[in-house]
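Trainee: Below are the structure tokens for one structure; questions will follow.
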Amino acid sequence: ALSSGTGNPGAGADLASARERFTHWTPDLYFGVTSDLGTSRVVLGLAVFTPFAEVQKYADPVSQVAPDAAAPNRYHRIRAEWYHLFVLPVAAVRLHPRVRVGLGFGYVRSIVDMAFGRDCAIRSCRGGIATAPPFEEPRWTEKVAVDGGEDSFLFNLGVLVRLPWNIDVGIAYRSKVVVVNRNDIRAEGNAVVRMYDPAAPEPGWMSVSGRARIQYELPDSLSVAVKWHKKPWELQVGFEWVRWSVHQNLKFQLTGNAFRSADMANFDVSFVRHRGFRDVYRARVLAGRHFKTLRVYWGAMFESSAVPRQWLSAAAMDSHKLDLMAAIEWRPHKRWGIYLGYAVSIGPDLEVTESGYDPRYATGCVEDQVDILFSANCQRVSEG
């Protein structure tokens with residue numbers, strides 16, 4: 001809850017947040033095809049999958065005809081549609097009867113489409129610091145919509161060792177998603193900032209358009225697995241580390257003459273949304289049974305949370321979770337096959353009592369004359 005008089009939490013808080021129902025859907029596509037081309041030394045494969053995807057949609061009070069009802073305790077996130085499509089051709093070569101090495105170079109298409117409201121008045125972007133209220137003025141709220149895309153690349157490297165006693169041991173590494181001479185993603189596209197102007201002759205929304213760049217990083221990963229197989233059964237146990245700690249921030253850069261003409265300062269066109277992710281660990285177990293041309297698999301995986309409690313928000317939510325999965329592999333011919341699977345995730349309810357996000361940094365920054373260089377409050381705000 002927040003105080004309607006100061007905009008701060010704590011004593012005198014009289015604006016309680018209403019319960020929100022929202023859509024948080026993460027599509028997880030996977031399709032793979034393999035073939036040995038009639039040889040015993042080489043296996044070729046092609047995988048298409050979306051390991052990193054996020055879809056969120058909240059209510060959009062910022063787009064009302066007059067946004068007076070957009071209370072300060074609403075969610076600022078409005079929409080996020082964030083996809084990464086991986087296309088990964090791979091080749092595995094038998095170097096020894098008990099040793100195989102696989103290598104793949106993949107293409108990644110990153111697509112970002114986001115919209116969020118931001119507090120314009122609290123940053124004194126209209127009327128000057130003397131007229132800025134100590135908390136958000138809903139009528140001066142801006143809606144920022146950005147989209148972009150980029151083409152990038154990655155590689156996979158794996159080794160499989162076949163031990164006696166029908167046991168296989170494998171280790172695989174997947175690189176970060178990178179571009180030539182860069183280790184991050186910079187999705188570039190369009191930006192629209194919509195502002196409500198109650199002082200205009202005809203009060204209503206006005207739009208300012210330009211270009212946008214959204215900069216962030218995606219992790220590399222390392223996995224180890226052991227498989228025991230004795231027809232018609234097999235059992236797999238695996239462990240994976242995903243270095244999500246590289247994904248700390250989303251950095252937004254808006255460019256164009258229209259933004260300067262609208263009196264937007266650097267604070268308005270260059271900003272950060274903090275995510276604060278940490279490394280993720282996964283442990284999984286999978287069992288399977290082989291039939292003549294069909295293999296059936298079932299299993300479970302535990303995954304640790306990528307988002308620490310202090311950084312949980314409507315824009316970044318995650319928890320420890322248990323995935324249950326089932327899959328079918330159909331091999332009508334020994335040279336090729338198709339794998340199809342489905343999984344469901346189960347996670348606990350989340351509750352945060354001490355958040356790392358503190359609205360007092362923003363009001364303190366205004367009181368410090370929006371001094372980005374020397375104000376600790378402004379530095380915290382600029383870090384998202």
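Residues in the structure tokens are numbered from 1 in each chain, the chains being A, B, ... in the order shown, and ligands are numbered from 1 in the order shown.
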When DSSP works through the backbone of this structure, what residues of region 178-384 of chain A end up as strand (DSSP E or B), shown as a PyMOL selection string?
Mentor: chain A and resi 178-179+182+185-197+204-216+221-230+233-242+249-255+270-274+280-290+294-303+313+316+321-333+336-346
Trainee: Give the helix (DSSP H, G or I) residues of region 100-335 of chain A, as DSSP finds them on the backbone, and put them as a ChimeraX atom specification.
Mentor: /A:121-123,129-131,138-140,244-246,257-261,266-269,309-311
Trainee: Neighbours of region 269-286 of chain A within 6 Å (only C-alpha atoms; same-chain residues fewer than 2 positions away dropped), as a PyMOL selection string?
Mentor: chain A and resi 235-245+247-254+266-267+298-304+306-307+383-384
Trainee: What does the file look like for those residues with C-alpha atoms, as a compact mmCIF listing (two decimals), in the first residue's frame?
Mentor:
# COMPACT_ATOMS: atom_id res chain seq x y z
CA LEU A 235 16.78 -44.26 -17.35
CA GLN A 236 18.38 -40.80 -17.51
CA VAL A 237 19.61 -38.49 -14.76
CA GLY A 238 20.92 -35.02 -15.56
CA PHE A 239 22.08 -31.70 -14.11
CA GLU A 240 22.24 -28.29 -15.84
CA TRP A 241 23.65 -24.89 -14.93
CA VAL A 242 22.33 -21.81 -16.79
CA ARG A 243 24.25 -18.56 -16.24
CA TRP A 244 21.26 -16.24 -15.94
CA SER A 245 23.32 -13.89 -13.76
CA HIS A 247 20.83 -11.00 -17.47
CA GLN A 248 20.79 -8.06 -15.06
CA ASN A 249 19.15 -5.22 -16.97
CA LEU A 250 17.07 -4.21 -19.95
CA LYS A 251 18.59 -1.03 -21.39
CA PHE A 252 16.38 1.18 -23.53
CA GLN A 253 17.60 3.87 -25.91
CA LEU A 254 15.09 6.05 -27.78
CA ASN A 266 18.54 12.08 -21.52
CA PHE A 267 16.68 10.74 -18.51
CA TRP A 298 8.13 -39.56 -18.91
CA GLY A 299 9.95 -37.67 -16.21
CA ALA A 300 10.35 -34.66 -13.94
CA MET A 301 12.72 -31.71 -13.52
CA PHE A 302 13.34 -29.35 -10.61
CA GLU A 303 14.44 -25.82 -11.51
CA SER A 304 15.64 -23.10 -9.15
CA ALA A 306 16.05 -17.06 -11.68
CA VAL A 307 14.67 -14.02 -9.82
CA GLU A 383 20.10 1.80 -12.49
CA GLY A 384 16.45 0.78 -12.74
Trainee: Would you kindly return, as JSON, numbers by chain, each protein, DNA or RNA residue with an atom no farther than 7 Å from any atom of region 152-159 of chain A, considering only C-alpha atoms and excluding same-chain residues fewer than 2 positions away?
Mentor: {"A": [100, 101, 102, 103, 104, 105, 106, 107, 108, 109, 150, 161, 170, 171, 172, 173, 174, 175, 176, 177, 178, 179]}
Trainee: Could you save the residues just selected, with N, CA and C atoms, as a PDB file, in the first residue's frame?
Mentor:
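Saved as out03.pdb:
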ATOM      1  N   ARG A 100      31.766 -40.186 -29.013  1.00  0.00           N
ATOM      2  CA  ARG A 100      31.151 -39.378 -30.064  1.00  0.00           C
ATOM      3  C   ARG A 100      31.241 -37.908 -29.685  1.00  0.00           C
ATOM      4  N   VAL A 101      31.446 -37.063 -30.679  1.00  0.00           N
ATOM      5  CA  VAL A 101      31.538 -35.616 -30.483  1.00  0.00           C
ATOM      6  C   VAL A 101      30.525 -34.941 -31.395  1.00  0.00           C
ATOM      7  N   GLY A 102      29.772 -33.997 -30.830  1.00  0.00           N
ATOM      8  CA  GLY A 102      28.780 -33.255 -31.606  1.00  0.00           C
ATOM      9  C   GLY A 102      29.059 -31.764 -31.589  1.00  0.00           C
ATOM     10  N   LEU A 103      28.759 -31.107 -32.703  1.00  0.00           N
ATOM     11  CA  LEU A 103      28.976 -29.671 -32.830  1.00  0.00           C
ATOM     12  C   LEU A 103      27.848 -29.068 -33.652  1.00  0.00           C
ATOM     13  N   GLY A 104      27.351 -27.914 -33.196  1.00  0.00           N
ATOM     14  CA  GLY A 104      26.309 -27.221 -33.928  1.00  0.00           C
ATOM     15  C   GLY A 104      26.510 -25.722 -33.879  1.00  0.00           C
ATOM     16  N   PHE A 105      26.223 -25.045 -34.993  1.00  0.00           N
ATOM     17  CA  PHE A 105      26.233 -23.588 -35.065  1.00  0.00           C
ATOM     18  C   PHE A 105      24.816 -23.154 -35.415  1.00  0.00           C
ATOM     19  N   GLY A 106      24.226 -22.317 -34.545  1.00  0.00           N
ATOM     20  CA  GLY A 106      22.819 -21.991 -34.704  1.00  0.00           C
ATOM     21  C   GLY A 106      22.545 -20.523 -34.955  1.00  0.00           C
ATOM     22  N   TYR A 107      21.346 -20.288 -35.490  1.00  0.00           N
ATOM     23  CA  TYR A 107      20.827 -18.947 -35.758  1.00  0.00           C
ATOM     24  C   TYR A 107      19.727 -18.652 -34.744  1.00  0.00           C
ATOM     25  N   VAL A 108      19.704 -17.414 -34.229  1.00  0.00           N
ATOM     26  CA  VAL A 108      18.703 -17.002 -33.253  1.00  0.00           C
ATOM     27  C   VAL A 108      18.039 -15.720 -33.747  1.00  0.00           C
ATOM     28  N   ARG A 109      16.706 -15.738 -33.776  1.00  0.00           N
ATOM     29  CA  ARG A 109      15.940 -14.537 -34.102  1.00  0.00           C
ATOM     30  C   ARG A 109      15.280 -14.043 -32.825  1.00  0.00           C
ATOM     31  N   GLU A 150      16.522  -8.685 -33.653  1.00  0.00           N
ATOM     32  CA  GLU A 150      17.912  -8.815 -34.089  1.00  0.00           C
ATOM     33  C   GLU A 150      18.196 -10.265 -34.435  1.00  0.00           C
ATOM     34  N   VAL A 161      30.328 -40.400 -24.088  1.00  0.00           N
ATOM     35  CA  VAL A 161      31.228 -41.534 -23.842  1.00  0.00           C
ATOM     36  C   VAL A 161      30.380 -42.730 -23.433  1.00  0.00           C
ATOM     37  N   GLY A 170      27.303 -38.053 -20.856  1.00  0.00           N
ATOM     38  CA  GLY A 170      27.417 -36.953 -21.808  1.00  0.00           C
ATOM     39  C   GLY A 170      27.592 -35.617 -21.123  1.00  0.00           C
ATOM     40  N   ILE A 171      28.296 -34.715 -21.785  1.00  0.00           N
ATOM     41  CA  ILE A 171      28.456 -33.343 -21.312  1.00  0.00           C
ATOM     42  C   ILE A 171      28.291 -32.413 -22.506  1.00  0.00           C
ATOM     43  N   ALA A 172      27.556 -31.311 -22.314  1.00  0.00           N
ATOM     44  CA  ALA A 172      27.271 -30.395 -23.422  1.00  0.00           C
ATOM     45  C   ALA A 172      27.355 -28.957 -22.939  1.00  0.00           C
ATOM     46  N   TYR A 173      27.823 -28.096 -23.823  1.00  0.00           N
ATOM     47  CA  TYR A 173      27.913 -26.667 -23.538  1.00  0.00           C
ATOM     48  C   TYR A 173      27.207 -25.895 -24.646  1.00  0.00           C
ATOM     49  N   ARG A 174      26.359 -24.937 -24.242  1.00  0.00           N
ATOM     50  CA  ARG A 174      25.719 -24.036 -25.199  1.00  0.00           C
ATOM     51  C   ARG A 174      26.201 -22.627 -24.916  1.00  0.00           C
ATOM     52  N   SER A 175      26.673 -21.943 -25.931  1.00  0.00           N
ATOM     53  CA  SER A 175      27.276 -20.621 -25.750  1.00  0.00           C
ATOM     54  C   SER A 175      26.210 -19.555 -25.514  1.00  0.00           C
ATOM     55  N   LYS A 176      26.680 -18.370 -25.126  1.00  0.00           N
ATOM     56  CA  LYS A 176      25.795 -17.215 -25.081  1.00  0.00           C
ATOM     57  C   LYS A 176      25.322 -16.885 -26.493  1.00  0.00           C
ATOM     58  N   VAL A 177      24.187 -16.199 -26.551  1.00  0.00           N
ATOM     59  CA  VAL A 177      23.698 -15.698 -27.834  1.00  0.00           C
ATOM     60  C   VAL A 177      24.443 -14.399 -28.129  1.00  0.00           C
ATOM     61  N   VAL A 178      25.155 -14.354 -29.244  1.00  0.00           N
ATOM     62  CA  VAL A 178      26.045 -13.231 -29.527  1.00  0.00           C
ATOM     63  C   VAL A 178      25.862 -12.762 -30.967  1.00  0.00           C
ATOM     64  N   VAL A 179      26.424 -11.591 -31.219  1.00  0.00           N
ATOM     65  CA  VAL A 179      26.529 -11.020 -32.562  1.00  0.00           C
ATOM     66  C   VAL A 179      28.015 -10.792 -32.808  1.00  0.00           C
TER      67      VAL A 179
END
Trainee: Applying 9 Å and only C-alpha atoms, which residues near region 190-194 of chain A remain after dropping the ones on its own chain fewer than 3 positions away? List them as a list in words.
Mentor: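 Non-adjacent residues within range: Ser63, Thr141, Glu142, Lys143, Val144, Ala145, Val146, Asp147, Gly148, Trp205, Met206, Ser207, Val208, Ser209, Gly210, Arg211, Ala212, Arg213, Leu254, Thr255 and Phe259 of chain A.
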Trainee: Go through A:Pro348, A:Pro332, A:Gly149, A:Gly288 and flag the residue nearest Met114 (chain A), using only C-alpha atoms for the distances.
Mentor: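 Of the candidates, the smallest distance to Met114 (chain A) is held by A:Gly149.
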